[in-house]
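Trainee: Following this line is model05.cif, made up of mmCIF, C-alpha atoms:
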data_entry
#
loop_
_atom_site.group_PDB
_atom_site.id
_atom_site.type_symbol
_atom_site.label_atom_id
_atom_site.label_comp_id
_atom_site.auth_asym_id
_atom_site.auth_seq_id
_atom_site.Cartn_x
_atom_site.Cartn_y
_atom_site.Cartn_z
ATOM 1 C CA MET Z 28 -151.083 155.155 98.168
ATOM 2 C CA VAL Z 29 -150.350 154.123 101.698
ATOM 3 C CA LYS Z 30 -153.272 151.687 101.708
ATOM 4 C CA LYS Z 31 -152.135 150.198 98.412
ATOM 5 C CA SER Z 32 -148.592 149.680 99.727
ATOM 6 C CA ILE Z 33 -149.880 148.021 102.894
ATOM 7 C CA PHE Z 34 -152.075 145.688 100.778
ATOM 8 C CA SER Z 35 -149.120 144.753 98.569
ATOM 9 C CA LEU Z 36 -147.016 144.033 101.633
ATOM 10 C CA LEU Z 37 -149.661 141.759 103.172
ATOM 11 C CA LEU Z 38 -150.091 139.928 99.880
ATOM 12 C CA GLY Z 39 -146.346 139.285 99.666
ATOM 13 C CA ILE Z 40 -146.295 137.918 103.200
ATOM 14 C CA LEU Z 41 -149.166 135.527 102.413
ATOM 15 C CA LEU Z 42 -147.402 134.287 99.285
ATOM 16 C CA ILE Z 43 -144.204 133.629 101.256
ATOM 17 C CA LEU Z 44 -146.105 131.747 103.957
ATOM 18 C CA GLY Z 45 -147.867 129.587 101.341
ATOM 19 C CA ALA Z 46 -144.598 128.651 99.694
ATOM 20 C CA CYS Z 47 -143.100 127.600 103.044
ATOM 21 C CA SER Z 48 -146.142 125.430 103.775
ATOM 22 C CA ASP Z 49 -145.795 123.679 100.409
ATOM 23 C CA ASN Z 50 -142.098 122.933 101.079
ATOM 24 C CA MET Z 51 -142.887 121.526 104.495
ATOM 25 C CA ASN Z 52 -145.569 119.233 103.018
ATOM 26 C CA GLU Z 53 -143.128 117.981 100.380
ATOM 27 C CA GLU Z 54 -140.475 117.254 103.041
ATOM 28 C CA ASP Z 55 -143.078 115.409 105.140
ATOM 29 C CA GLU Z 56 -144.058 113.289 102.106
ATOM 30 C CA VAL Z 57 -140.417 112.484 101.393
ATOM 31 C CA ALA Z 58 -139.816 111.570 105.039
ATOM 32 C CA GLU Z 59 -142.916 109.365 105.100
ATOM 33 C CA GLY Z 60 -141.781 107.680 101.881
ATOM 34 C CA GLU Z 61 -138.327 107.029 103.273
ATOM 35 C CA GLU Z 62 -139.834 105.671 106.499
ATOM 36 C CA ALA Z 63 -142.120 103.366 104.475
ATOM 37 C CA ASN Z 64 -139.171 102.138 102.423
ATOM 38 C CA THR Z 65 -137.206 101.527 105.604
ATOM 39 C CA GLU Z 66 -140.073 99.506 107.073
ATOM 40 C CA GLU Z 67 -140.390 97.442 103.866
ATOM 41 C CA THR Z 68 -136.649 96.783 103.812
ATOM 42 C CA SER Z 69 -136.704 95.774 107.489
ATOM 43 C CA THR Z 70 -139.667 93.456 106.858
ATOM 44 C CA ASP Z 71 -137.906 91.846 103.887
ATOM 45 C CA GLN Z 72 -134.735 91.304 105.913
ATOM 46 C CA THR Z 73 -136.744 89.775 108.791
ATOM 47 C CA GLU Z 74 -138.524 87.405 106.390
ATOM 48 C CA LYS Z 75 -135.180 86.349 104.886
ATOM 49 C CA GLU Z 76 -133.693 85.785 108.336
ATOM 50 C CA ASN Z 77 -136.712 83.681 109.293
ATOM 51 C CA GLU Z 78 -136.320 81.669 106.110
ATOM 52 C CA VAL Z 79 -132.672 80.957 106.964
ATOM 53 C CA GLU Z 80 -133.496 80.020 110.547
ATOM 54 C CA GLU Z 81 -136.116 77.516 109.361
ATOM 55 C CA GLU Z 82 -133.331 75.405 107.773
ATOM 56 C CA PRO Z 83 -131.653 73.123 110.376
ATOM 57 C CA PRO Z 84 -128.012 74.101 110.800
ATOM 58 C CA VAL Z 85 -125.410 71.451 109.983
ATOM 59 C CA THR Z 86 -123.477 70.784 113.188
ATOM 60 C CA GLU Z 87 -121.406 68.047 114.785
ATOM 61 C CA ASN Z 88 -124.455 67.143 116.872
ATOM 62 C CA ASN Z 89 -126.413 66.313 113.713
ATOM 63 C CA GLU Z 90 -123.590 64.032 112.588
ATOM 64 C CA ASP Z 91 -123.321 62.436 116.036
ATOM 65 C CA ASN Z 92 -127.072 61.762 116.065
ATOM 66 C CA LYS Z 93 -126.837 60.175 112.620
ATOM 67 C CA ILE Z 94 -124.001 57.900 113.758
ATOM 68 C CA GLU Z 95 -125.918 57.003 116.927
ATOM 69 C CA ASP Z 96 -129.009 56.109 114.881
ATOM 70 C CA GLU Z 97 -126.912 53.877 112.596
ATOM 71 C CA GLU Z 98 -125.354 52.156 115.631
ATOM 72 C CA ASN Z 99 -128.796 51.534 117.124
ATOM 73 C CA ILE Z 100 -129.937 49.954 113.864
ATOM 74 C CA GLU Z 101 -126.855 47.711 113.845
ATOM 75 C CA GLU Z 102 -127.452 46.682 117.473
ATOM 76 C CA GLU Z 103 -131.087 45.832 116.695
ATOM 77 C CA ALA Z 104 -129.942 43.741 113.729
ATOM 78 C CA VAL Z 105 -127.470 41.846 115.940
ATOM 79 C CA GLN Z 106 -130.207 41.171 118.490
ATOM 80 C CA GLU Z 107 -132.432 39.788 115.744
ATOM 81 C CA ILE Z 108 -129.867 37.168 114.708
ATOM 82 C CA THR Z 109 -128.754 36.050 118.161
ATOM 83 C CA GLU Z 110 -131.811 34.045 119.176
ATOM 84 C CA PRO Z 111 -130.741 30.656 120.602
ATOM 85 C CA LEU Z 112 -130.255 28.106 117.865
ATOM 86 C CA TYR Z 113 -128.142 25.479 119.649
ATOM 87 C CA LYS Z 114 -127.612 23.913 123.058
ATOM 88 C CA ILE Z 115 -124.764 22.005 124.676
ATOM 89 C CA ASP Z 116 -125.784 18.412 125.416
ATOM 90 C CA ASP Z 117 -124.595 16.144 128.239
ATOM 91 C CA ASN Z 118 -121.597 15.036 126.169
ATOM 92 C CA TRP Z 119 -120.575 18.658 125.433
ATOM 93 C CA ASN Z 120 -121.685 18.529 121.797
ATOM 94 C CA VAL Z 121 -123.403 21.433 120.052
ATOM 95 C CA VAL Z 122 -126.941 20.350 119.137
ATOM 96 C CA PRO Z 123 -129.612 22.291 117.161
ATOM 97 C CA LEU Z 124 -132.681 23.292 119.148
ATOM 98 C CA GLU Z 125 -135.006 22.867 116.168
ATOM 99 C CA ASP Z 126 -135.206 20.765 113.034
ATOM 100 C CA GLY Z 127 -133.912 22.580 109.987
ATOM 101 C CA THR Z 128 -131.013 24.264 111.770
ATOM 102 C CA ASN Z 129 -127.641 23.318 110.291
ATOM 103 C CA GLU Z 130 -126.205 20.320 112.154
ATOM 104 C CA LYS Z 131 -122.811 20.262 110.452
ATOM 105 C CA VAL Z 132 -121.165 22.780 112.741
ATOM 106 C CA VAL Z 133 -118.278 22.960 115.183
ATOM 107 C CA LEU Z 134 -117.540 25.328 118.049
ATOM 108 C CA LEU Z 135 -114.118 26.960 118.397
ATOM 109 C CA THR Z 136 -112.810 27.717 121.886
ATOM 110 C CA ILE Z 137 -109.479 29.168 123.063
ATOM 111 C CA ASP Z 138 -108.352 28.627 126.686
ATOM 112 C CA ASP Z 139 -105.728 30.362 128.872
ATOM 113 C CA ALA Z 140 -106.157 33.793 127.308
ATOM 114 C CA PRO Z 141 -104.728 36.353 127.037
ATOM 115 C CA GLU Z 142 -101.281 34.937 127.839
ATOM 116 C CA LYS Z 143 -99.192 35.619 124.722
ATOM 117 C CA TYR Z 144 -100.969 34.891 121.445
ATOM 118 C CA ALA Z 145 -104.678 35.447 122.111
ATOM 119 C CA LEU Z 146 -104.892 38.823 120.389
ATOM 120 C CA GLU Z 147 -103.038 37.482 117.344
ATOM 121 C CA MET Z 148 -105.392 34.487 117.245
ATOM 122 C CA ALA Z 149 -108.426 36.746 117.511
ATOM 123 C CA GLN Z 150 -107.164 38.831 114.594
ATOM 124 C CA THR Z 151 -106.703 35.671 112.515
ATOM 125 C CA LEU Z 152 -110.211 34.450 113.312
ATOM 126 C CA LYS Z 153 -111.665 37.897 112.612
ATOM 127 C CA GLU Z 154 -110.098 37.950 109.159
ATOM 128 C CA LEU Z 155 -111.516 34.474 108.506
ATOM 129 C CA GLU Z 156 -114.952 35.434 109.908
ATOM 130 C CA ALA Z 157 -114.772 32.507 112.322
ATOM 131 C CA PRO Z 158 -116.436 33.102 115.722
ATOM 132 C CA ALA Z 159 -115.039 31.631 118.942
ATOM 133 C CA ILE Z 160 -115.081 31.789 122.723
ATOM 134 C CA PHE Z 161 -111.952 33.020 124.508
ATOM 135 C CA PHE Z 162 -111.802 31.545 128.021
ATOM 136 C CA VAL Z 163 -109.651 33.839 130.143
ATOM 137 C CA ASN Z 164 -107.724 33.600 133.405
ATOM 138 C CA GLY Z 165 -107.594 36.471 135.868
ATOM 139 C CA HIS Z 166 -103.870 36.268 136.524
ATOM 140 C CA PHE Z 167 -103.291 37.251 132.887
ATOM 141 C CA LEU Z 168 -105.380 40.402 133.379
ATOM 142 C CA GLU Z 169 -103.387 42.191 136.037
ATOM 143 C CA THR Z 170 -101.698 44.736 133.750
ATOM 144 C CA ASP Z 171 -103.181 47.539 131.671
ATOM 145 C CA GLU Z 172 -101.686 45.980 128.534
ATOM 146 C CA LYS Z 173 -103.474 42.658 129.035
ATOM 147 C CA LYS Z 174 -106.735 44.360 129.974
ATOM 148 C CA GLU Z 175 -106.537 46.322 126.737
ATOM 149 C CA GLN Z 176 -105.905 43.110 124.791
ATOM 150 C CA LEU Z 177 -109.011 41.538 126.287
ATOM 151 C CA ARG Z 178 -110.998 44.665 125.485
ATOM 152 C CA GLN Z 179 -109.852 44.490 121.862
ATOM 153 C CA ILE Z 180 -110.763 40.801 121.586
ATOM 154 C CA HIS Z 181 -114.225 41.583 122.933
ATOM 155 C CA GLU Z 182 -114.665 44.567 120.591
ATOM 156 C CA MET Z 183 -113.813 42.320 117.639
ATOM 157 C CA GLY Z 184 -116.993 40.427 118.487
ATOM 158 C CA PHE Z 185 -115.647 37.376 120.301
ATOM 159 C CA ALA Z 186 -117.377 35.860 123.318
ATOM 160 C CA ILE Z 187 -115.442 35.947 126.590
ATOM 161 C CA GLY Z 188 -115.613 33.043 129.039
ATOM 162 C CA ASN Z 189 -114.489 32.446 132.629
ATOM 163 C CA HIS Z 190 -111.635 29.936 133.120
ATOM 164 C CA THR Z 191 -111.075 30.763 136.855
ATOM 165 C CA TYR Z 192 -108.798 33.459 138.209
ATOM 166 C CA HIS Z 193 -105.664 31.378 138.831
ATOM 167 C CA HIS Z 194 -106.323 28.373 136.563
ATOM 168 C CA GLN Z 195 -107.252 26.519 139.727
ATOM 169 C CA LYS Z 196 -108.148 22.830 139.730
ATOM 170 C CA LEU Z 197 -111.411 23.184 141.604
ATOM 171 C CA SER Z 198 -111.520 19.771 143.273
ATOM 172 C CA ASP Z 199 -108.299 20.618 145.120
ATOM 173 C CA VAL Z 200 -109.789 23.568 147.064
ATOM 174 C CA ASP Z 201 -112.724 24.272 149.373
ATOM 175 C CA GLU Z 202 -116.016 25.844 148.310
ATOM 176 C CA GLU Z 203 -115.083 29.349 149.432
ATOM 177 C CA THR Z 204 -111.948 29.269 147.275
ATOM 178 C CA GLN Z 205 -113.919 27.908 144.335
ATOM 179 C CA LYS Z 206 -116.347 30.789 144.681
ATOM 180 C CA GLN Z 207 -113.534 33.328 144.784
ATOM 181 C CA GLU Z 208 -111.885 31.808 141.715
ATOM 182 C CA ILE Z 209 -115.094 32.162 139.722
ATOM 183 C CA MET Z 210 -116.752 35.300 141.083
ATOM 184 C CA GLU Z 211 -113.653 37.502 141.297
ATOM 185 C CA LEU Z 212 -112.916 36.794 137.662
ATOM 186 C CA ASN Z 213 -116.520 37.470 136.670
ATOM 187 C CA ASP Z 214 -116.254 40.872 138.328
ATOM 188 C CA LEU Z 215 -112.909 41.634 136.704
ATOM 189 C CA ILE Z 216 -114.122 40.692 133.224
ATOM 190 C CA GLU Z 217 -117.228 42.843 133.631
ATOM 191 C CA GLU Z 218 -115.068 45.746 134.810
ATOM 192 C CA ILE Z 219 -112.893 45.479 131.692
ATOM 193 C CA ILE Z 220 -115.406 44.816 128.909
ATOM 194 C CA GLY Z 221 -118.660 45.956 130.489
ATOM 195 C CA ASP Z 222 -120.336 42.536 130.284
ATOM 196 C CA LYS Z 223 -120.412 39.577 132.636
ATOM 197 C CA PRO Z 224 -119.214 36.358 130.947
ATOM 198 C CA LYS Z 225 -121.905 33.889 129.884
ATOM 199 C CA PHE Z 226 -119.651 30.828 129.653
ATOM 200 C CA PHE Z 227 -117.585 28.875 132.180
ATOM 201 C CA ARG Z 228 -114.969 26.192 131.633
ATOM 202 C CA ALA Z 229 -113.126 24.664 134.560
ATOM 203 C CA PRO Z 230 -109.360 24.095 134.192
ATOM 204 C CA HIS Z 231 -108.639 20.463 133.287
ATOM 205 C CA GLY Z 232 -112.396 19.962 132.863
ATOM 206 C CA ASP Z 233 -112.539 19.448 136.624
ATOM 207 C CA ASN Z 234 -116.038 20.476 137.721
ATOM 208 C CA THR Z 235 -117.319 20.044 141.261
ATOM 209 C CA ASP Z 236 -120.955 19.853 142.338
ATOM 210 C CA TYR Z 237 -120.549 23.164 144.127
ATOM 211 C CA ALA Z 238 -119.079 24.875 141.033
ATOM 212 C CA LYS Z 239 -121.884 23.500 138.852
ATOM 213 C CA SER Z 240 -124.548 24.885 141.182
ATOM 214 C CA LEU Z 241 -122.785 28.265 141.394
ATOM 215 C CA ILE Z 242 -122.509 28.521 137.632
ATOM 216 C CA GLU Z 243 -126.200 27.719 137.294
ATOM 217 C CA GLU Z 244 -127.092 30.393 139.878
ATOM 218 C CA GLU Z 245 -125.046 32.913 137.906
ATOM 219 C CA GLY Z 246 -126.962 32.094 134.709
ATOM 220 C CA MET Z 247 -123.809 30.895 132.949
ATOM 221 C CA LEU Z 248 -123.350 27.969 130.582
ATOM 222 C CA LEU Z 249 -121.088 25.183 131.844
ATOM 223 C CA MET Z 250 -118.801 23.848 129.141
ATOM 224 C CA ASN Z 251 -116.084 21.267 128.551
ATOM 225 C CA TRP Z 252 -115.018 19.964 125.115
ATOM 226 C CA THR Z 253 -115.171 16.957 122.806
ATOM 227 C CA TYR Z 254 -111.559 17.010 121.604
ATOM 228 C CA GLY Z 255 -108.391 19.061 121.547
ATOM 229 C CA TYR Z 256 -104.729 18.114 121.178
ATOM 230 C CA ASP Z 257 -102.460 21.135 121.484
ATOM 231 C CA TYR Z 258 -101.580 20.406 125.134
ATOM 232 C CA PHE Z 259 -100.116 16.975 124.306
ATOM 233 C CA GLU Z 260 -96.378 17.014 123.600
ATOM 234 C CA PRO Z 261 -96.566 15.304 120.157
ATOM 235 C CA TYR Z 262 -98.902 18.067 118.964
ATOM 236 C CA MET Z 263 -96.903 21.035 120.173
ATOM 237 C CA ASP Z 264 -96.045 21.450 116.516
ATOM 238 C CA ALA Z 265 -98.106 23.515 114.081
ATOM 239 C CA GLU Z 266 -98.123 20.994 111.229
ATOM 240 C CA LYS Z 267 -98.999 17.973 113.384
ATOM 241 C CA LEU Z 268 -101.621 19.943 115.273
ATOM 242 C CA LYS Z 269 -103.251 21.131 112.059
ATOM 243 C CA GLU Z 270 -103.568 17.553 110.800
ATOM 244 C CA ALA Z 271 -104.956 16.325 114.111
ATOM 245 C CA MET Z 272 -107.571 19.058 114.492
ATOM 246 C CA ILE Z 273 -108.790 18.783 110.909
ATOM 247 C CA SER Z 274 -108.939 14.975 110.916
ATOM 248 C CA GLY Z 275 -110.016 14.538 114.530
ATOM 249 C CA GLU Z 276 -107.398 11.800 114.884
ATOM 250 C CA ALA Z 277 -104.362 11.771 117.180
ATOM 251 C CA PRO Z 278 -102.519 8.465 116.683
ATOM 252 C CA GLU Z 279 -99.529 9.576 118.777
ATOM 253 C CA ILE Z 280 -101.799 9.498 121.842
ATOM 254 C CA ASP Z 281 -103.724 6.397 120.782
ATOM 255 C CA ILE Z 282 -106.704 8.110 119.204
ATOM 256 C CA SER Z 283 -106.662 6.352 115.838
ATOM 257 C CA TYR Z 284 -110.333 7.100 115.091
ATOM 258 C CA SER Z 285 -111.802 10.505 114.286
ATOM 259 C CA LEU Z 286 -113.511 12.558 116.961
ATOM 260 C CA LEU Z 287 -114.548 15.128 114.386
ATOM 261 C CA LYS Z 288 -118.297 15.061 113.868
ATOM 262 C CA SER Z 289 -121.224 17.436 113.659
ATOM 263 C CA GLY Z 290 -121.432 19.502 116.825
ATOM 264 C CA ALA Z 291 -117.820 18.952 117.891
ATOM 265 C CA ASN Z 292 -116.682 21.291 120.656
ATOM 266 C CA LEU Z 293 -113.039 22.032 119.839
ATOM 267 C CA LEU Z 294 -110.513 22.909 122.530
ATOM 268 C CA MET Z 295 -107.422 24.980 121.748
ATOM 269 C CA HIS Z 296 -105.098 27.127 123.839
ATOM 270 C CA ASP Z 297 -103.201 30.405 123.723
ATOM 271 C CA ARG Z 298 -100.006 28.738 122.449
ATOM 272 C CA GLU Z 299 -97.412 29.557 119.799
ATOM 273 C CA TRP Z 300 -97.975 26.379 117.763
ATOM 274 C CA THR Z 301 -101.744 26.753 117.942
ATOM 275 C CA ALA Z 302 -101.585 30.357 116.757
ATOM 276 C CA ALA Z 303 -99.389 29.232 113.849
ATOM 277 C CA ALA Z 304 -101.795 26.430 112.859
ATOM 278 C CA LEU Z 305 -105.059 28.300 113.430
ATOM 279 C CA GLU Z 306 -105.679 29.637 109.921
ATOM 280 C CA ASP Z 307 -105.080 26.226 108.345
ATOM 281 C CA ILE Z 308 -107.332 24.558 110.920
ATOM 282 C CA VAL Z 309 -110.221 26.903 110.114
ATOM 283 C CA LYS Z 310 -109.778 26.543 106.360
ATOM 284 C CA GLY Z 311 -109.387 22.757 106.617
ATOM 285 C CA LEU Z 312 -112.609 22.350 108.596
ATOM 286 C CA ARG Z 313 -114.455 24.576 106.133
ATOM 287 C CA ASP Z 314 -113.146 22.485 103.256
ATOM 288 C CA LYS Z 315 -114.838 19.536 104.957
ATOM 289 C CA GLY Z 316 -118.130 21.397 104.945
ATOM 290 C CA TYR Z 317 -118.257 22.507 108.565
ATOM 291 C CA GLU Z 318 -119.551 25.893 109.659
ATOM 292 C CA PHE Z 319 -118.573 27.617 112.897
ATOM 293 C CA VAL Z 320 -121.162 28.197 115.593
ATOM 294 C CA ASP Z 321 -121.638 31.754 116.789
ATOM 295 C CA PRO Z 322 -121.425 31.422 120.601
ATOM 296 C CA MET Z 323 -124.130 34.064 120.902
ATOM 297 C CA THR Z 324 -126.587 31.552 119.419
ATOM 298 C CA LEU Z 325 -125.950 29.045 122.216
ATOM 299 C CA GLN Z 326 -128.734 28.630 124.758
ATOM 300 C CA VAL Z 327 -127.683 29.766 128.231
ATOM 301 C CA PRO Z 328 -129.542 29.320 131.544
ATOM 302 C CA GLU Z 329 -131.977 32.086 132.468
#
Write out the structure in this file as structure tokens.
Mentor:
Amino acid sequence: MVKKSIFSLLLGILLILGACSDNMNEEDEVAEGEEANTEETSTDQTEKENEVEEEPPVTENNEDNKIEDEENIEEEAVQEITEPLYKIDDNWNVVPLEDGTNEKVVLLTIDDAPEKYALEMAQTLKELEAPAIFFVNGHFLETDEKKEQLRQIHEMGFAIGNHTYHHQKLSDVDEETQKQEIMELNDLIEEIIGDKPKFFRAPHGDNTDYAKSLIEEEGMLLMNWTYGYDYFEPYMDAEKLKEAMISGEAPEIDISYSLLKSGANLLMHDREWTAAALEDIVKGLRDKGYEFVDPMTLQVPE
């Protein structure tokens, strides 16, 4: 009986131990399954994160790069259309460099800027899509307001020319003063707009041999004009000036024949009556079949 009881006891212990082992195996399988599921979930999340990261994020830098690319394309297009097409001849006329280039053109120029009306005149010309050269004087550029006006005129696409710092008649001063009048203004213009002027016009059309040689050394184009009337007293009136500029005639100063012809180099000034007549002058010349030369297509010395 004792042996049988001991056998029963041992058998019970073995059964209990077997049951515990089975439970532990089941828990291990569950744990392994959960670990596998966790690894799969982690892998899926990583793959999704990688997929998201592969798409370029939309940022301000992307937009800035796009704008910069568009600006570069525009600049390249401008460069393509600004090859020299015309030159200024010995009589200050605009002449095509090659056959087939439109001859029926005129060049618009505005002197003594920016005194009072230059910005207004630039805005008028911009609206009319009429290019021009604004010849500036340094003594008008000694305030922040005037510098900003010149900057705006330049940013509207107009060429800027040198008209001496103090509107100095060059033949009245020595060579050193002539140099200062030209070079100091060149430096000031470049400081304001970032570009050195390509064009030079002497006040009163008074060029000296020294000034001519200096302008050539600086790679600038020397320029006078073929006609202009707004500085004569009879034409300090918008209506009379309009008629004179469109016809080329100025009978009140004994010019009874027309100076308007293909290649005419037209002189105007920063004046109230000129600003008032400017739109009509542009439209009147267009009605006569004339186009306006882009100054950037003028050949300049190298």
Trainee: Please enumerate the residues selected by the PyMOL selection byres ((chain Z and resi 187-204) around 6) when evaluated against the supplied file, formatted as a PDB file with C-alpha atoms, in the coordinates of the input.
Mentor:
ATOM      1  CA  ILE Z 160    -115.081  31.789 122.723  1.00  0.00           C
ATOM      2  CA  PHE Z 161    -111.952  33.020 124.508  1.00  0.00           C
ATOM      3  CA  PHE Z 162    -111.802  31.545 128.021  1.00  0.00           C
ATOM      4  CA  VAL Z 163    -109.651  33.839 130.143  1.00  0.00           C
ATOM      5  CA  ASN Z 164    -107.724  33.600 133.405  1.00  0.00           C
ATOM      6  CA  GLY Z 165    -107.594  36.471 135.868  1.00  0.00           C
ATOM      7  CA  HIS Z 166    -103.870  36.268 136.524  1.00  0.00           C
ATOM      8  CA  ALA Z 186    -117.377  35.860 123.318  1.00  0.00           C
ATOM      9  CA  GLN Z 205    -113.919  27.908 144.335  1.00  0.00           C
ATOM     10  CA  LYS Z 206    -116.347  30.789 144.681  1.00  0.00           C
ATOM     11  CA  GLN Z 207    -113.534  33.328 144.784  1.00  0.00           C
ATOM     12  CA  GLU Z 208    -111.885  31.808 141.715  1.00  0.00           C
ATOM     13  CA  ILE Z 209    -115.094  32.162 139.722  1.00  0.00           C
ATOM     14  CA  LEU Z 212    -112.916  36.794 137.662  1.00  0.00           C
ATOM     15  CA  PRO Z 224    -119.214  36.358 130.947  1.00  0.00           C
ATOM     16  CA  PHE Z 226    -119.651  30.828 129.653  1.00  0.00           C
ATOM     17  CA  PHE Z 227    -117.585  28.875 132.180  1.00  0.00           C
ATOM     18  CA  ARG Z 228    -114.969  26.192 131.633  1.00  0.00           C
ATOM     19  CA  ALA Z 229    -113.126  24.664 134.560  1.00  0.00           C
ATOM     20  CA  PRO Z 230    -109.360  24.095 134.192  1.00  0.00           C
TER      21      PRO Z 230
END
Trainee: In Å, with one decimal, what is the gap from CA of Asp281 in chain Z to CA of His296 in chain Z?
Mentor: 21.0 Å
Trainee: So which residues touch Leu112 in chain Z within 6 Å, counting all atoms listed in the file, skipping near sequence neighbours fewer than 2 positions away, as a VMD selection string?
Mentor: chain Z and resid 123 to 124 324
Trainee: When you count all atoms listed in the file, which of these residues is closest to Tyr144 in chain Z: Z:Ser240, Z:Glu172, Z:Val121, Z:Arg298?
Mentor: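 Counting all atoms listed in the file, the residue closest to Tyr144 in chain Z is Z:Arg298.
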Trainee: Pick out the residues sitting within 8 Å of Ala304 in chain Z, and hand them over as number ranges by chain; count all atoms listed in the file, and ignore anything fewer than 2 positions along from it in its own chain.
Mentor: Z: 265-266, 268-269, 300-302, 306-308
